[in-house]
Every structure is written in structure tokens, then in C-alpha cells.
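Presented below is the structure to which this report refers.
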Amino acid sequence: MSFLRAFAAFTTGSIRVVTRGSVAYFAWMAALLALVVVGAIAYSGQFEHGLIRTGMRDPVSWGFYIGNFTFLVGVAAAAVILVIPAYVYHWKPIKEIVLFGELLAVSALAMCMLFVLADMGRPDRLLHIVPLIGNMHLPSSLLAWDVVVLNGYFYLNLTVVTYLLVSWFRGRDPDKRFFTPLVLFSIPMAVGIHSVTAFVYNGLAGRPYWNASILAPRFLVSAFCSGPAVMLVLLQVLRRVTKLDIKREALSKIAELMAYAMFVNLFFLGAEVFKEVYSDTHHLKHLEYLYFGLEGHTALVPWAWTSFVCNVAAFVLFVVPRLREKALWLNAGCVLIFAGVFIEKGIGLVVPGYTPSVLGEIYEYAPSTTELLVSAGIFGIGALLFTATTRVAIAVVRGDLRLEAETQAAAA
Amino acid sequence: MSDDGVTRRAVLGAAAAGAGLALAGCRKQLVDEFVSTRLAEMDRDQVRRFVGELETRYREQYGRDVHVADTPAEEGVLFAYGLDLDRCNGNRKCVEACVEENNQSRGGTGHGAPIQWITVLEMDKERGVDLDHANMYYDAEQVPREGHFYLPVQCQHCDNPPCTKVCPVEATWKEPDGIVVIDYDWCIGCRCCMSACPYGARHFNWTEPNLPAEQLNPEMHVLGNRPRMRGVVEKCTFCVQRTRRGLYPACHEACPTGARVFGNLLDPASEIRQLIERKRVFLLKAELNTRPSFFYFYG
């Protein structure tokens, strides 16, 4: 049977897997769907009236949408980078780790693209950036490069996961000559999407908070924390529901690597703080705004310290072997690290870059209800996508979804 | 539109003659069908047709006779601005004249805040030009206040503009006469240029702009003061609709203190050249190497 016919059978099988499940599963999916509907309603208001529905204004012209976008690029990148330790330490179910890492990457990237779309003043002009139809400003525009690498990475991951799943579905061993080069290529691409996204901010000389060389390295190390945090939880789920031999040592090793990444992240933060505080130039204002507030404007202060405390606590939990080997502390660490990096990238990176503004104005940004609801909706779409694809992948990995069974069912 | 556009068309033409024929043809068709054409890629005839369409549209929309110019940059002209900080007293007449001339949104309920292309900063004399202590919300009725001086900021029309290079769709560029312009019909509203501008010169239409018909300035330029739409960026164009006809910018004419100097940098006899010869000038945020065409000086 040709690949296409197998793919058709795979699709129908997948739909069956996704549309069946326990009450808890349907409750979860319904809750996500409700979130998506609420987000869509909020977005329709923004679409009709414009970005005035957000908290953004001229002095702070990017906000929560672009912050979420930045955070999720990190999640997408790091899930795949887990492949490196998997190879180095010979973790057995390496193909499976690749598979689920890339599934996470695909969902995260879908959310990234939706966040960029939500932030556009003229979403109706989206085609203007499509090469040949519109005009992509290369090589000069970093945002144009970001569109290139994010799309490239998205389709690369989509190809690998589709190939792996359909191969197993057909009961065949995936051809290493085909997928190994793609997986290896996705590693520099993962670093690439994160670096290019960092460079979008980094290249703006008029914004000293972003115009620091530490930005791209900090992006990478903080992503090494947030992406694997999701993977760690997922791998524990997989241990329960599949026969995959995911060793406890592997989980502990991932947590240990995350602790090192978090240490480097905190060290980079320290380096940044030292430079700004000791040299005490105008550039210090942005950091001051984030951690202490400026002229009574303190909206970010509690968030900044929450993020710092989460990051330090997660570091302690993951660096002490006795703690990270206990499931409770391991998962607590994952939640802390996810929250810490989410605040750091989602709010702490974007807003202080604009506060004070280039002309010294302090406009205190806070996301509007529309922004919060639209963002929740986009996270809902991502979670729906990830739940559905993970379920299909688990069914394939467990052997519940097989071509033979599908053909027999069709014949009967 | 620009020299750049001409070269690109020439390149496209050459490509069409060769192997690129099919591709270029296909692209043209797609462009016509789905999206408007970028102004920078239009030839003179296309621009004229487009301008004609705009005039019809604005006449219907505002019920007034309008003229949309498409005057290209003149050869041998490079515009530059000078501003005398000794004379400026912060009266903000330039801001008002700019809003009226350039059809900025007046704001109001359902239209957000008014848009102004010039920001006048009030500063402490003892601190000098220190943006961290600048106040843009001072009362213009009370000027000049004791111990303060005033610094108007608008688009600096940089020679090395950080805003144009970040645009992902090339909707903004520098014209041969030095004016940095925006194609309002091509801008996708990503606001990268606003993050890139070190002078806060770019402004966004967060919602539908409010421009009452009776306040419309009917003398327009396709790259300048024609009405903008929701979701796009706008900024000072050195009053391209005036300066390419040999007039001074509106802010220059409105200034009651004579603080403003404008002219052709390539003309040795021009006031702006004389200014640079005779006075010592300074550039805002010179350390960023944006190389502004906007020169500040004292008396």
C-alpha cells in the first residue's frame, strides 16, 4: 500500500482516537474549547475596533502578545534540543523522545504564529510578507528572518513527526537515512529560531535594555529550562500509560541539566545586573523599573520578584539529587521553572524595554482583558493541538493504532 | 517612486526577459488579484492611476474636492532641518500646525488619543539635554517656565534610519531627497519600526482615526498627509506635500519665535547650509549613528 493510502488510514484512525476517551478527557477538551471560543469572541472585538482594545499604546508598542510569542519560541526550541542529551547519555527510547519533543515544538510554533497574527495591526495584509506574492524584506529585516526560520522549523518538525508516526503505524521501522539528517538539522534550527527571535530585539540600538549581547545567550539558557519542564511532565505521563522504558535516571538527568541551565540563566542575569548597577548610566532605569518601579509605577515589581523566586527555588530543587529524584519535588520544580521563565520572557523582557520610553516617558502598560482572553484562547488552541496529537502518538507508540487493524476494520 | 524602485523594476524587467519570465508574470498576476502593489514598485503611470483612485475615494468619503500629489524627489535636493534651542519657548504652535496640515487623527470617544507628530519636551536648564528628566505634558500656556528650556522632537529623517531596515515588508524607506516615508497601503502594522526608532517619532493608529471633513487639508501627497487608516504607522514627512512644491514645512511657518530652519543641504547658499557653517550643531542621540538630518543648535 502506498504511503498516501496509509496516511489516509492513519488520518481516519487518528480521528477515532481523538474522538474517543474518558469523561475526564472530554471535560478537559471541552474546557479548552470553551477557552478558544472566549478568545475568539475577544479577538473579534479587537479585529473590529483595532489594537486600541489592548493595553498597548505608542510608548509601549509591544506587549503581552509578543511576550507570549517569545516565551513559546523558547518552548519550541528547547523541546527538540533535548535530543542532544538523549544521544549523549544513550537514553533508550530516543526516537520517542524526539517524537514527543517535536510534537511539543509543532504546537508551540502554531501558538507563536497565532500570537504574531493577533499582534498585527493589519492582519488582512498578511500576504504582504509572503515571498513572491508580497515582499519579504530580506536580508535586512530580522522579523522577516524570523518568519523564515519559524516556518522552516514548523514544517521540518511536522515532517519528522508525521513520518515517524506513519512509519510505526504501518508497522515499519522508520528509515534512519531519511529522518536522522532531518532530526540533526532541527537542532541548529532550534538554536536558530531562538537566536533570530532574540536578535529582533537585540538589534535595536535605541532600546538599551534589549541592545545587550547577553540577550540571545540568556534566551537560549532560559529556554533550556522551560521547554524540558513541559517534557519532564509529559515523559512521566508516558511512563504510566505506555510500555516505553523511560528510566527514572533519565528524568533525573534532565532535571539536573535544567538546574545547570538555570544556574547559567541566573548568572547571566547577575552579569547584566552588575553591569547596569555598577556603571549606573541611564540604561539602569529599565532594570530599576522592573525590580523596584519608577516614580511610583510598580506594576511589574511583584511579577519580577515572583519570577526570580520561582527560578531560584527551581534551581535548588533540581540541583539537589535527593529532591529531584522525588516525583513531587520534580514536578513542583517543573511548575516553578515554567512560571518563572514565562514571567521572565512574557512580561519581564518586553515591557521594561519600553519603560521609560525613548523620550523618557513612563507609560505603565498592563495587558487588557481582551489581551488576556485572546492569549488564553491561543494557549487553548495550543493545548488542544498538543493533547490531540499526543494522544494519537501514544496510541501509535503503544501499538493501539496500526494499519493492519485499520484495514481489517474497514474490510469488516 | 524612488530611484531604488526604478532599479528594482529594471532588474525585474531583465529577469522577465530571461528565465524569470514565467515567475515574474505569475507574480504580477497574483499581486493584482490578491494584494495591492507596493508604491515603491509602481511605475509613473500606475502611481498616477492609483492617485486618481485615491482622489475619487476621498471626495466620496469627505464630500470635498481634494488633490493628491505624487511629486517625486527632485534631483540635487537633500532636505535638512535646523532648530534653535535658544529661541524655542515651548509654545507648541508647531504641533498644532502639523496636526492641521497633516490630517492627523483628532482623537475623541471611540477614536483614542489624538496623534501628534511633534513632541515638545520641557527640560531642566541645569541638567541639559537629559531625556530621563524631560516632561512632555507641560502646560503650553505657562511657557517659558523659569529654569527650563524646550526641545521639539519629530522624525529626524536619519541618513542611517534604524526604522526602515527592520520593516519586514519594506513598507517604509528613505527617498532620494532624504525624506523617510511610509506606504500606508502596504504597512502590516507589526510596529517593528516603532521599537527601532530612538526618537519616538513613529505613531500608530490604534483604532479608526478621527478626521472631520471640515478639518481635512485637501492638498495631499500620496506619501505624506493623505488620510491614514486603522492599524498603520505614520510620522513626520517634512511636509512632503509642501516641501516638494518649494514651500516650507507647516511647523516652520507656524513657529512664532523663528526657531526653525529648513532647506536644501546640497545648496551652498541655503539657510541650513549657512547654519551648519556658522553655528555649532548637535544631533540627538548621535552615539547611535543614526545620522539625523535634524540639527539642533543654540542661537
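The chains in the C-alpha cells are called A, B, ... from first to last as shown; in each chain the residues are counted from 1, and the ligands are counted from 1 in the order shown.
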
Query raised in the report: Can you list every residue in stretch 93-269 of chain B that DSSP puts in alpha helix (DSSP H), as a list in words?
Result: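 Residues of stretch 93-269 of chain B classed as alpha helix (DSSP H): Lys93, Cys94, Val95, Glu96, Ala97, Cys98, Val99, Glu100, Glu101, Pro162, Cys163, Thr164, Lys165, Val166, Cys192, Cys193, Met194, Ser195, Ala196, Val240, Gln241, Arg242, Thr243, Ala250, Cys251, His252, Glu253 and Ala254 of chain B.
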
Which residues of chain B come within 8 Å of chain A, and for each one, what is the closest pair of atoms and their distance in Å to one decimal, counting only C-alpha atoms, sorted by chain and residue number, as CSV?
residue,atom,partner,partner_atom,distance
B:Arg27,CA,A:Leu132,CA,5.8
B:Leu30,CA,A:Ile133,CA,6.0
B:Val31,CA,A:Ile133,CA,5.7
B:Val35,CA,A:His128,CA,7.3
B:Gly112,CA,A:Ile52,CA,7.1
B:Leu131,CA,A:Gly360,CA,5.1
B:Asp132,CA,A:Gly360,CA,4.6
B:His133,CA,A:Gly360,CA,6.8
B:Ala134,CA,A:Gly360,CA,6.3
B:Asn135,CA,A:Glu361,CA,7.6
B:Met136,CA,A:Glu361,CA,7.7
B:Pro162,CA,A:Leu204,CA,7.5
B:Lys165,CA,A:Ser140,CA,5.6
B:Val166,CA,A:Ser141,CA,4.3
B:Cys167,CA,A:Ser141,CA,5.8
B:Pro168,CA,A:Ala144,CA,4.8
B:Val169,CA,A:Met136,CA,5.0
B:Glu170,CA,A:His137,CA,5.5
B:Trp186,CA,A:His128,CA,7.1
B:Cys187,CA,A:Arg122,CA,7.6
B:Ile188,CA,A:Arg122,CA,4.9
B:Gly189,CA,A:Gly121,CA,4.0
B:Cys190,CA,A:Met120,CA,5.1
B:Arg191,CA,A:Ser61,CA,6.8
B:Cys192,CA,A:Leu143,CA,8.0
B:Met194,CA,A:Ser61,CA,7.1
B:Ser195,CA,A:Ser61,CA,7.1
B:Ala196,CA,A:Leu204,CA,5.2
B:Cys197,CA,A:Gly206,CA,6.5
B:Pro198,CA,A:Gly206,CA,4.4
B:Tyr199,CA,A:Val358,CA,6.0
B:Gly200,CA,A:Val358,CA,6.0
B:Arg202,CA,A:Asp58,CA,8.0
B:His203,CA,A:Asp58,CA,6.0
B:Phe204,CA,A:Asp58,CA,6.4
B:Trp206,CA,A:Ile52,CA,4.7
B:Thr207,CA,A:Gly50,CA,4.8
B:Glu208,CA,A:His49,CA,7.3
B:Arg230,CA,A:Gly50,CA,6.8
B:Gly231,CA,A:Gly121,CA,4.0
B:Val232,CA,A:Gly121,CA,6.4
B:Leu288,CA,A:Ala205,CA,6.5

Query raised in the report: Can you list, as a list in words, every residue of stretch 26-118 of chain B that DSSP puts in strand (DSSP E or B)?
Result: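 So, restricting stretch 26-118 of chain B to strand (DSSP E or B), we get His67, Val68, Ala69, Phe79, Ala80, Tyr81, Gly82, Leu83, Asp84, Gly108 and Gly112 of chain B.
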
Query raised in the report: Leaving out A:Val75 and any residue of its chain fewer than 3 positions from it, which residues lie within 7 Å of it when counting only C-alpha atoms, given as a list of chain:residue names?
Result: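 The residues satisfying every condition are A:Phe71, A:Leu72, A:Ala78, A:Ala79, A:Ala105, A:Ala108, A:Ala223, A:Ser226, A:Gly227.
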
Requested in this report: Could you tell me which of A:Ser252, A:Gly192, A:Thr370, A:Val396 comes closest to A:Ser44 if we count only C-alpha atoms?
Outcome: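 Result for the nearest residue to A:Ser44: A:Thr370.
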
Query raised in the report: Quick one: distance from atom CA of A:Val18 to atom CA of A:Thr390 in Å, one decimal?
Result: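 Value for the atom CA of A:Val18-atom CA of A:Thr390 distance: 9.6 Å.
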
Query raised in the report: atom CA of A:Val351 and atom CA of B:Asp130 are how many Å apart?
Result: 21.8 Å

Report task. List the neighbours of A:Lys243 out to 7 Å using only C-alpha atoms; skip same-chain residues closer than 2 positions along the sequence, and give me the result as a PyMOL selection string. Result -> chain A and resi 239+245+398

At a cut-off of 6 Å, using only C-alpha atoms, what residues contact stretch 53-69 of chain B? Leave out same-chain residues fewer than 6 positions from it and give the result as a PDB file with N, CA and C atoms, in the first residue's frame.
ATOM      1  N   ALA B 213     -14.520  66.068   8.204  1.00  0.00           N
ATOM      2  CA  ALA B 213     -14.380  66.530   6.820  1.00  0.00           C
ATOM      3  C   ALA B 213     -13.985  67.998   6.748  1.00  0.00           C
ATOM      4  N   PRO B 218      -7.121  69.468   2.033  1.00  0.00           N
ATOM      5  CA  PRO B 218      -7.323  68.791   0.750  1.00  0.00           C
ATOM      6  C   PRO B 218      -6.075  68.723  -0.135  1.00  0.00           C
ATOM      7  N   GLU B 219      -5.042  69.472   0.227  1.00  0.00           N
ATOM      8  CA  GLU B 219      -3.795  69.403  -0.554  1.00  0.00           C
ATOM      9  C   GLU B 219      -2.926  68.295   0.026  1.00  0.00           C
ATOM     10  N   MET B 220      -2.843  67.174  -0.687  1.00  0.00           N
ATOM     11  CA  MET B 220      -2.174  65.994  -0.107  1.00  0.00           C
ATOM     12  C   MET B 220      -1.063  65.479  -1.003  1.00  0.00           C
ATOM     13  N   HIS B 221      -0.273  64.588  -0.401  1.00  0.00           N
ATOM     14  CA  HIS B 221       0.721  63.839  -1.169  1.00  0.00           C
ATOM     15  C   HIS B 221       0.518  62.366  -0.842  1.00  0.00           C
TER      16      HIS B 221
END

Query - Within 12 Å of B:Gln142 using only C-alpha atoms, minus same-chain residues under 5 positions, as a VMD selection string - result: chain B and resid 89 to 92 122 137 148

Requested in this report: Pick out the residues sitting within 12 Å of B:Gly263, and hand them over as a VMD selection string; count only C-alpha atoms, and ignore anything fewer than 4 positions along from it in its own chain.
Outcome: chain B and resid 77 to 83 177 to 178 238 243 to 244 246 to 249 252 267 to 276 293 to 295
